[in-house]
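Engineer: Dumping the structure here so I can ask a few things about it.
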Amino acid sequence: MNLGLKLLAALGRAVLRGLRAIGSVTLFALETARHIVTPPFYPRAFRSALMQIGWLSLPVIGLTALFTGGALVLQIYAGGARFDAQAVVPQIVAIGMVRELGPVLVGLMVAARVTTSIAAEIATMKVTEQIDALITLSTDPMKYLTAPRVLAGTLTVPVLVAVGDTIGIMGGYGVATGTLGFNAASYLRDTVHFIEPLDIATSLTKGAAFGYIATMMGCYYGLRASRGAMGVGLATKGAVEYAAVLILAANFALTSVFFAQ
Amino acid sequence: MIVLDTLRKSFGSRPVLRGVSLRVPKGHSMVVIGPSGAGKSIMLKCAIGLTQPDSGTVTLANTRITPASRARLMPQTGVLFQGAALFDSLPIWENVAFTLLRQMSRARARAAAIEKLARVGLSADVADRLPSELSGGMRKRAGLARAIANEPQLMFFDEPTTGLDPVMAGKINRLIREVVTELGATALTITHDITTVQTVADDVAFLCEGKVRWTGEAATLNETEDPKLRAFLAGRSEDE
Ligand SMILES: Nc1ncnc2c1ncn2[C@@H]1O[C@H](COP(=O)(O)OP(=O)(O)OP(=O)(O)O)[C@@H](O)[C@H]1O
Ligand SMILES: [Mg+2]
């Protein structure tokens, strides 16, 4: 009985903690949006965030998409062979890549690459009093640090997703025509004809949402870092874990919105 | 004017400030001394509204400091942090010119920054270096240049001479005294350096175990009867 009560109390505490965290992240997300649209703006910080988040992420995103597209073709070809359905490989690869794998892979890679670096950078600033110094220099850290990064993430990750989708499909195309004997021209025609505007819209919308989440979570954990090197480590770990979970949850939510019948 | 009224602050169950009250009249320079860990830096952070005290109030220039009023007071406030707190992604001159860059062109802000750097004894060739490429004492001086760059009316310095050689420390002490007088500013300086007390202070406060144990004019410091302060100044612990 006593043990049962204790367990129940612990469960209650965990639930409350979870709810508090959800509330505080939600508030932070809304506050970030407000800071993005109200002045002052910091164009230099924004340009450097564009570079960091967008341009410098291209190589890793390209490679990830390329290999995944190739593997996807092999799997779908092998699976399809059981039903004599090898002919639909281009269509399935296209739809799988554009609707799901492209955005999710890019989102997770951005979480790995960008969320961690934002969290570590801002957490280091926090523990070395640079955030305090910003405030004494009449600069709002939300405006100077968070807003430019989150805006850059929201704008560039859809572009990264478009690039990832394309390279993934091309990876599949390479494997299909190179080793599985598909006709190059008809593979491309099937792909292009099958993808609908809604597919592309979903892909880009997901990209924007994931970009927002990935950068915002980096800032959230960075600004809340406690003292010392351990604080930086914890902030980075928390940021990437919860960014990844939130990205996958948002992916499910957006897929439900776009494709639930 | 800087007024701290019975500030209390605990971390967990450990009290750090146990009712700190301090009053720096307008145009005065107050120096706070006290043992390491006494709560001097925390007191300073409460004074500029970066740390919220558990109870007690802070009034700067007749405005009670709250998270909302803080933003209005910051443009007339200059702060040197104990660890300098330079932005490590920006070159030294952009650190110093951080607020100036909003008011003037980059070229003029840079020239102004180089002039401020010269006042703290840093030559123009450090301007384009990053903070990580400077020594601790050089960083501290760059932090001081940043703190006084926009000619604030309220100044807070946390150990301005720590890490400096005696000659440079003397120069920095005189500089602080000079800018405070020149601008008619109100200043609160924390130090472990007795030469800072001699050069910078109009008034002195001794912070010990989370309370102001003694306060008075700098000239009367050596006549104190307080046994803890006497021991502190003589560099022994009380029971020695
Ligand atoms: N964020 C914090 N969490 C927990 N304890 C803290 C925190 N900040 C400071 N302290 C504690 O408060 C006490 C006072 O710290 P403070 O930095 O004000 O000391 P100080 O008087 O400035 O010392 P020093 O002369 O060495 O700089 C210390 O015991 C420190 O451990
Ligand atoms: Mg200190």
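The way I read the labels, and the way they are meant: chains A, B, ... in the order of the structure tokens, residue 1 as the first residue of every chain, and ligand 1 as the first ligand shown, with later ones counted on from there.
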Provide as a short mmCIF file (atom, residue, chain, number, x, y, z; two decimals) with all heavy atoms, in the first residue's frame the residues of chain A at most 12 Å from chain B, counting only C-alpha atoms.
Structural biologist:
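Result file is part-v6.cif:
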data_model
loop_
_atom_site.label_atom_id
_atom_site.label_comp_id
_atom_site.auth_asym_id
_atom_site.auth_seq_id
_atom_site.Cartn_x
_atom_site.Cartn_y
_atom_site.Cartn_z
N PRO A 40 13.98 45.03 -32.69
CA PRO A 40 15.01 45.17 -33.72
C PRO A 40 15.39 43.84 -34.38
O PRO A 40 15.27 42.79 -33.76
CB PRO A 40 16.21 45.71 -32.92
CG PRO A 40 16.02 45.18 -31.55
CD PRO A 40 14.54 45.14 -31.32
N PHE A 41 15.85 43.95 -35.63
CA PHE A 41 16.32 42.76 -36.33
C PHE A 41 17.84 42.80 -36.42
O PHE A 41 18.43 43.88 -36.41
CB PHE A 41 15.71 42.71 -37.74
CG PHE A 41 14.21 42.77 -37.72
CD1 PHE A 41 13.54 43.89 -38.19
CD2 PHE A 41 13.47 41.71 -37.22
CE1 PHE A 41 12.15 43.96 -38.15
CE2 PHE A 41 12.08 41.76 -37.18
CZ PHE A 41 11.42 42.89 -37.65
N TYR A 42 18.45 41.65 -36.50
CA TYR A 42 19.91 41.57 -36.58
C TYR A 42 20.31 40.86 -37.86
O TYR A 42 20.53 39.65 -37.87
CB TYR A 42 20.47 40.87 -35.34
CG TYR A 42 20.24 41.66 -34.07
CD1 TYR A 42 19.12 41.44 -33.29
CD2 TYR A 42 21.13 42.66 -33.69
CE1 TYR A 42 18.89 42.18 -32.13
CE2 TYR A 42 20.91 43.41 -32.54
CZ TYR A 42 19.80 43.16 -31.77
OH TYR A 42 19.57 43.90 -30.63
N ARG A 44 23.02 40.75 -39.66
CA ARG A 44 24.32 40.04 -39.72
C ARG A 44 24.21 38.67 -39.06
O ARG A 44 24.73 37.68 -39.57
CB ARG A 44 25.40 40.85 -39.01
CG ARG A 44 25.82 42.09 -39.76
CD ARG A 44 26.78 42.91 -38.91
NE ARG A 44 28.12 42.31 -38.88
CZ ARG A 44 29.03 42.55 -39.80
NH1 ARG A 44 28.78 43.35 -40.80
NH2 ARG A 44 30.23 41.99 -39.72
N ALA A 45 23.54 38.63 -37.91
CA ALA A 45 23.37 37.34 -37.22
C ALA A 45 22.53 36.40 -38.09
O ALA A 45 22.79 35.20 -38.16
CB ALA A 45 22.69 37.56 -35.87
N SER A 48 24.65 34.98 -40.96
CA SER A 48 25.60 33.94 -40.52
C SER A 48 24.85 32.66 -40.16
O SER A 48 25.35 31.55 -40.40
CB SER A 48 26.48 34.49 -39.41
OG SER A 48 26.32 33.78 -38.23
N GLU A 121 26.76 26.20 -28.33
CA GLU A 121 27.26 27.57 -28.42
C GLU A 121 26.54 28.48 -27.41
O GLU A 121 27.18 29.21 -26.65
CB GLU A 121 27.05 28.11 -29.84
CG GLU A 121 27.63 29.50 -30.02
CD GLU A 121 27.30 30.12 -31.37
OE1 GLU A 121 26.60 29.48 -32.19
OE2 GLU A 121 27.71 31.28 -31.58
N ILE A 122 25.21 28.41 -27.41
CA ILE A 122 24.46 29.31 -26.51
C ILE A 122 24.68 28.90 -25.06
O ILE A 122 24.79 29.76 -24.18
CB ILE A 122 22.98 29.33 -26.90
CG1 ILE A 122 22.84 29.93 -28.30
CG2 ILE A 122 22.15 30.13 -25.90
CD1 ILE A 122 21.43 30.13 -28.79
N THR A 124 27.36 27.62 -23.79
CA THR A 124 28.67 28.13 -23.40
C THR A 124 28.58 29.62 -23.11
O THR A 124 29.16 30.12 -22.13
CB THR A 124 29.71 27.86 -24.51
OG1 THR A 124 29.71 26.47 -24.79
CG2 THR A 124 31.10 28.30 -24.08
N MET A 125 27.84 30.34 -23.94
CA MET A 125 27.65 31.77 -23.68
C MET A 125 26.96 31.99 -22.34
O MET A 125 27.28 32.90 -21.60
CB MET A 125 26.80 32.41 -24.78
CG MET A 125 27.47 32.46 -26.13
SD MET A 125 26.46 33.31 -27.36
CE MET A 125 26.60 35.02 -26.82
N LYS A 126 26.02 31.09 -22.04
CA LYS A 126 25.29 31.23 -20.78
C LYS A 126 26.22 31.03 -19.59
O LYS A 126 26.25 31.84 -18.67
CB LYS A 126 24.15 30.20 -20.75
CG LYS A 126 23.34 30.16 -19.48
CD LYS A 126 22.33 31.29 -19.43
CE LYS A 126 21.76 31.50 -18.05
NZ LYS A 126 20.77 30.53 -17.65
N VAL A 127 27.01 29.95 -19.62
CA VAL A 127 27.82 29.65 -18.44
C VAL A 127 29.04 30.58 -18.31
O VAL A 127 29.64 30.65 -17.25
CB VAL A 127 28.26 28.17 -18.37
CG1 VAL A 127 27.04 27.26 -18.39
CG2 VAL A 127 29.20 27.82 -19.49
N THR A 128 29.40 31.28 -19.40
CA THR A 128 30.50 32.24 -19.28
C THR A 128 29.97 33.67 -19.16
O THR A 128 30.71 34.63 -19.40
CB THR A 128 31.45 32.15 -20.48
OG1 THR A 128 30.67 32.29 -21.68
CG2 THR A 128 32.18 30.82 -20.54
N GLU A 129 28.71 33.81 -18.80
CA GLU A 129 28.08 35.12 -18.53
C GLU A 129 27.94 36.00 -19.75
O GLU A 129 27.66 37.19 -19.63
CB GLU A 129 28.84 35.87 -17.43
CG GLU A 129 28.88 35.13 -16.11
CD GLU A 129 29.62 35.88 -15.02
OE1 GLU A 129 30.64 36.52 -15.33
OE2 GLU A 129 29.17 35.83 -13.86
N GLN A 130 28.12 35.43 -20.96
CA GLN A 130 27.97 36.27 -22.16
C GLN A 130 26.50 36.65 -22.37
O GLN A 130 26.21 37.70 -22.93
CB GLN A 130 28.50 35.54 -23.40
CG GLN A 130 30.00 35.34 -23.37
CD GLN A 130 30.50 34.54 -24.57
OE1 GLN A 130 30.23 34.85 -25.70
NE2 GLN A 130 31.24 33.47 -24.29
N ILE A 131 25.58 35.79 -21.92
CA ILE A 131 24.15 36.13 -22.05
C ILE A 131 23.84 37.31 -21.12
O ILE A 131 23.16 38.26 -21.51
CB ILE A 131 23.27 34.91 -21.69
CG1 ILE A 131 23.65 33.70 -22.55
CG2 ILE A 131 21.80 35.26 -21.80
CD1 ILE A 131 23.18 33.75 -23.97
N ASP A 132 24.39 37.24 -19.88
CA ASP A 132 24.22 38.36 -18.95
C ASP A 132 24.79 39.64 -19.57
O ASP A 132 24.19 40.71 -19.48
CB ASP A 132 24.96 38.08 -17.63
CG ASP A 132 24.22 37.04 -16.79
OD1 ASP A 132 23.04 36.82 -17.04
OD2 ASP A 132 24.86 36.46 -15.89
N ALA A 133 25.97 39.49 -20.19
CA ALA A 133 26.61 40.67 -20.79
C ALA A 133 25.73 41.26 -21.89
O ALA A 133 25.59 42.47 -22.00
CB ALA A 133 27.99 40.30 -21.34
N LEU A 134 25.12 40.39 -22.70
CA LEU A 134 24.20 40.87 -23.75
C LEU A 134 23.12 41.74 -23.15
O LEU A 134 22.82 42.83 -23.66
CB LEU A 134 23.53 39.69 -24.44
CG LEU A 134 24.19 39.06 -25.66
CD1 LEU A 134 23.30 37.95 -26.18
CD2 LEU A 134 24.42 40.10 -26.74
N ILE A 135 22.54 41.26 -22.05
CA ILE A 135 21.44 42.01 -21.42
C ILE A 135 21.93 43.38 -20.95
O ILE A 135 21.27 44.39 -21.18
CB ILE A 135 20.84 41.20 -20.25
CG1 ILE A 135 20.20 39.94 -20.81
CG2 ILE A 135 19.83 42.02 -19.47
CD1 ILE A 135 19.78 38.94 -19.76
N THR A 136 23.13 43.40 -20.34
CA THR A 136 23.61 44.71 -19.86
C THR A 136 23.96 45.62 -21.03
O THR A 136 24.08 46.82 -20.84
CB THR A 136 24.87 44.57 -18.97
OG1 THR A 136 25.95 44.07 -19.76
CG2 THR A 136 24.63 43.66 -17.80
N LEU A 137 24.14 45.07 -22.22
CA LEU A 137 24.40 45.90 -23.39
C LEU A 137 23.09 46.16 -24.15
O LEU A 137 23.10 46.37 -25.36
CB LEU A 137 25.45 45.25 -24.28
CG LEU A 137 26.83 45.15 -23.62
CD1 LEU A 137 27.75 44.21 -24.39
CD2 LEU A 137 27.48 46.51 -23.49
N SER A 138 21.98 46.10 -23.41
CA SER A 138 20.67 46.44 -23.98
C SER A 138 20.30 45.58 -25.18
O SER A 138 19.74 46.06 -26.14
CB SER A 138 20.60 47.90 -24.41
OG SER A 138 20.96 48.73 -23.36
N THR A 139 20.67 44.32 -25.13
CA THR A 139 20.35 43.44 -26.24
C THR A 139 19.59 42.24 -25.71
O THR A 139 20.05 41.57 -24.79
CB THR A 139 21.65 42.97 -26.93
OG1 THR A 139 22.40 44.13 -27.29
CG2 THR A 139 21.37 42.15 -28.16
N ASP A 140 18.43 41.98 -26.29
CA ASP A 140 17.61 40.86 -25.84
C ASP A 140 18.13 39.58 -26.49
O ASP A 140 18.16 39.46 -27.71
CB ASP A 140 16.16 41.13 -26.28
CG ASP A 140 15.20 40.07 -25.74
OD1 ASP A 140 15.68 38.97 -25.37
OD2 ASP A 140 14.00 40.35 -25.70
#
Engineer: Write down as number ranges by chain the residues of region 33-158 of chain B whose backbone DSSP state falls under alpha helix (DSSP H).
Structural biologist: B: 40-47, 67-73, 92-96, 106-119, 136-148
Engineer: Can you write out the residues you just picked, keeping C-alpha atoms, as a PDB file, in the first residue's frame?
Structural biologist:
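Output saved as out_16.pdb:
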ATOM      1  CA  LYS B  40      30.032  39.899  -3.759  1.00  0.00           C
ATOM      2  CA  SER B  41      29.428  38.852  -7.357  1.00  0.00           C
ATOM      3  CA  ILE B  42      25.916  37.642  -6.564  1.00  0.00           C
ATOM      4  CA  MET B  43      25.211  40.973  -4.901  1.00  0.00           C
ATOM      5  CA  LEU B  44      26.381  42.758  -8.042  1.00  0.00           C
ATOM      6  CA  LYS B  45      24.138  40.580 -10.225  1.00  0.00           C
ATOM      7  CA  CYS B  46      21.173  41.369  -8.028  1.00  0.00           C
ATOM      8  CA  ALA B  47      22.059  45.062  -8.259  1.00  0.00           C
ATOM      9  CA  PRO B  67      12.582  42.454 -15.099  1.00  0.00           C
ATOM     10  CA  ALA B  68      10.435  45.080 -16.850  1.00  0.00           C
ATOM     11  CA  SER B  69      12.325  48.212 -15.776  1.00  0.00           C
ATOM     12  CA  ARG B  70      15.711  46.574 -16.303  1.00  0.00           C
ATOM     13  CA  ALA B  71      15.676  47.155 -20.063  1.00  0.00           C
ATOM     14  CA  ARG B  72      15.136  50.899 -19.548  1.00  0.00           C
ATOM     15  CA  LEU B  73      18.065  51.178 -17.135  1.00  0.00           C
ATOM     16  CA  ILE B  92      37.706  42.637 -29.711  1.00  0.00           C
ATOM     17  CA  TRP B  93      36.749  45.901 -31.386  1.00  0.00           C
ATOM     18  CA  GLU B  94      33.202  44.690 -32.085  1.00  0.00           C
ATOM     19  CA  ASN B  95      32.932  43.648 -28.458  1.00  0.00           C
ATOM     20  CA  VAL B  96      33.947  47.115 -27.330  1.00  0.00           C
ATOM     21  CA  ARG B 106      31.093  50.657 -38.648  1.00  0.00           C
ATOM     22  CA  ALA B 107      34.139  52.753 -39.488  1.00  0.00           C
ATOM     23  CA  ARG B 108      33.378  55.332 -36.796  1.00  0.00           C
ATOM     24  CA  ALA B 109      32.452  52.687 -34.216  1.00  0.00           C
ATOM     25  CA  ARG B 110      35.731  50.933 -34.919  1.00  0.00           C
ATOM     26  CA  ALA B 111      37.707  54.121 -34.464  1.00  0.00           C
ATOM     27  CA  ALA B 112      35.878  54.794 -31.190  1.00  0.00           C
ATOM     28  CA  ALA B 113      36.574  51.232 -30.011  1.00  0.00           C
ATOM     29  CA  ILE B 114      40.278  51.575 -30.762  1.00  0.00           C
ATOM     30  CA  GLU B 115      40.338  54.788 -28.760  1.00  0.00           C
ATOM     31  CA  LYS B 116      38.642  53.051 -25.786  1.00  0.00           C
ATOM     32  CA  LEU B 117      41.117  50.187 -26.075  1.00  0.00           C
ATOM     33  CA  ALA B 118      43.982  52.662 -25.907  1.00  0.00           C
ATOM     34  CA  ARG B 119      42.557  54.034 -22.651  1.00  0.00           C
ATOM     35  CA  GLY B 136      43.278  36.855 -19.105  1.00  0.00           C
ATOM     36  CA  GLY B 137      44.416  40.329 -18.097  1.00  0.00           C
ATOM     37  CA  MET B 138      44.002  41.649 -21.648  1.00  0.00           C
ATOM     38  CA  ARG B 139      40.479  40.231 -21.789  1.00  0.00           C
ATOM     39  CA  LYS B 140      39.663  41.899 -18.509  1.00  0.00           C
ATOM     40  CA  ARG B 141      40.848  45.242 -19.852  1.00  0.00           C
ATOM     41  CA  ALA B 142      38.860  44.789 -23.081  1.00  0.00           C
ATOM     42  CA  GLY B 143      35.826  44.038 -20.897  1.00  0.00           C
ATOM     43  CA  LEU B 144      36.449  47.284 -19.034  1.00  0.00           C
ATOM     44  CA  ALA B 145      36.696  49.173 -22.327  1.00  0.00           C
ATOM     45  CA  ARG B 146      33.336  47.694 -23.336  1.00  0.00           C
ATOM     46  CA  ALA B 147      31.767  48.620 -19.997  1.00  0.00           C
ATOM     47  CA  ILE B 148      32.688  52.298 -20.292  1.00  0.00           C
TER      48      ILE B 148
END
Engineer: Chain B near ligand 1 within 9 Å: what's each residue's closest atom pair and its distance in Å to one decimal, counting only C-alpha atoms and all ligand atoms, ordered by chain then ascending residue number, as CSV?
Structural biologist:
residue,atom,partner,partner_atom_place_in_ligand_line,distance
B:Lys9,CA,ligand 1,12 (O),8.9
B:Ser10,CA,ligand 1,5 (N),7.9
B:Phe11,CA,ligand 1,4 (C),4.9
B:Gly12,CA,ligand 1,4 (C),7.4
B:Arg14,CA,ligand 1,5 (N),7.9
B:Pro15,CA,ligand 1,12 (O),8.0
B:Val16,CA,ligand 1,12 (O),5.3
B:Leu17,CA,ligand 1,14 (C),8.0
B:Ile33,CA,ligand 1,25 (O),8.4
B:Gly34,CA,ligand 1,21 (O),6.7
B:Pro35,CA,ligand 1,25 (O),6.0
B:Ser36,CA,ligand 1,25 (O),3.5
B:Gly37,CA,ligand 1,19 (O),3.6
B:Ala38,CA,ligand 1,21 (O),3.9
B:Gly39,CA,ligand 1,18 (O),3.1
B:Lys40,CA,ligand 1,21 (O),3.7
B:Ser41,CA,ligand 1,18 (O),3.6
B:Ile42,CA,ligand 1,18 (O),3.9
B:Met43,CA,ligand 1,18 (O),6.3
B:Leu44,CA,ligand 1,18 (O),7.8
B:Lys45,CA,ligand 1,18 (O),8.5
B:Gln82,CA,ligand 1,27 (O),7.1
B:Asp158,CA,ligand 1,22 (O),8.0
B:Glu159,CA,ligand 1,27 (O),7.8
B:Ile190,CA,ligand 1,22 (O),8.1
B:Thr191,CA,ligand 1,25 (O),7.6
B:His192,CA,ligand 1,25 (O),7.1
B:Leu207,CA,ligand 1,21 (O),8.0
B:Cys208,CA,ligand 1,21 (O),8.4
B:Gly210,CA,ligand 1,14 (C),8.2
Engineer: Quick one: residues within 12 Å of Cys219 (chain A), only C-alpha atoms counted, chain neighbours fewer than 5 positions away excluded, as a ChimeraX atom specification?
Structural biologist: /A:25,28-29,32,114-126,131,141-150,153,212-214,224-225,235-236,238-240,243
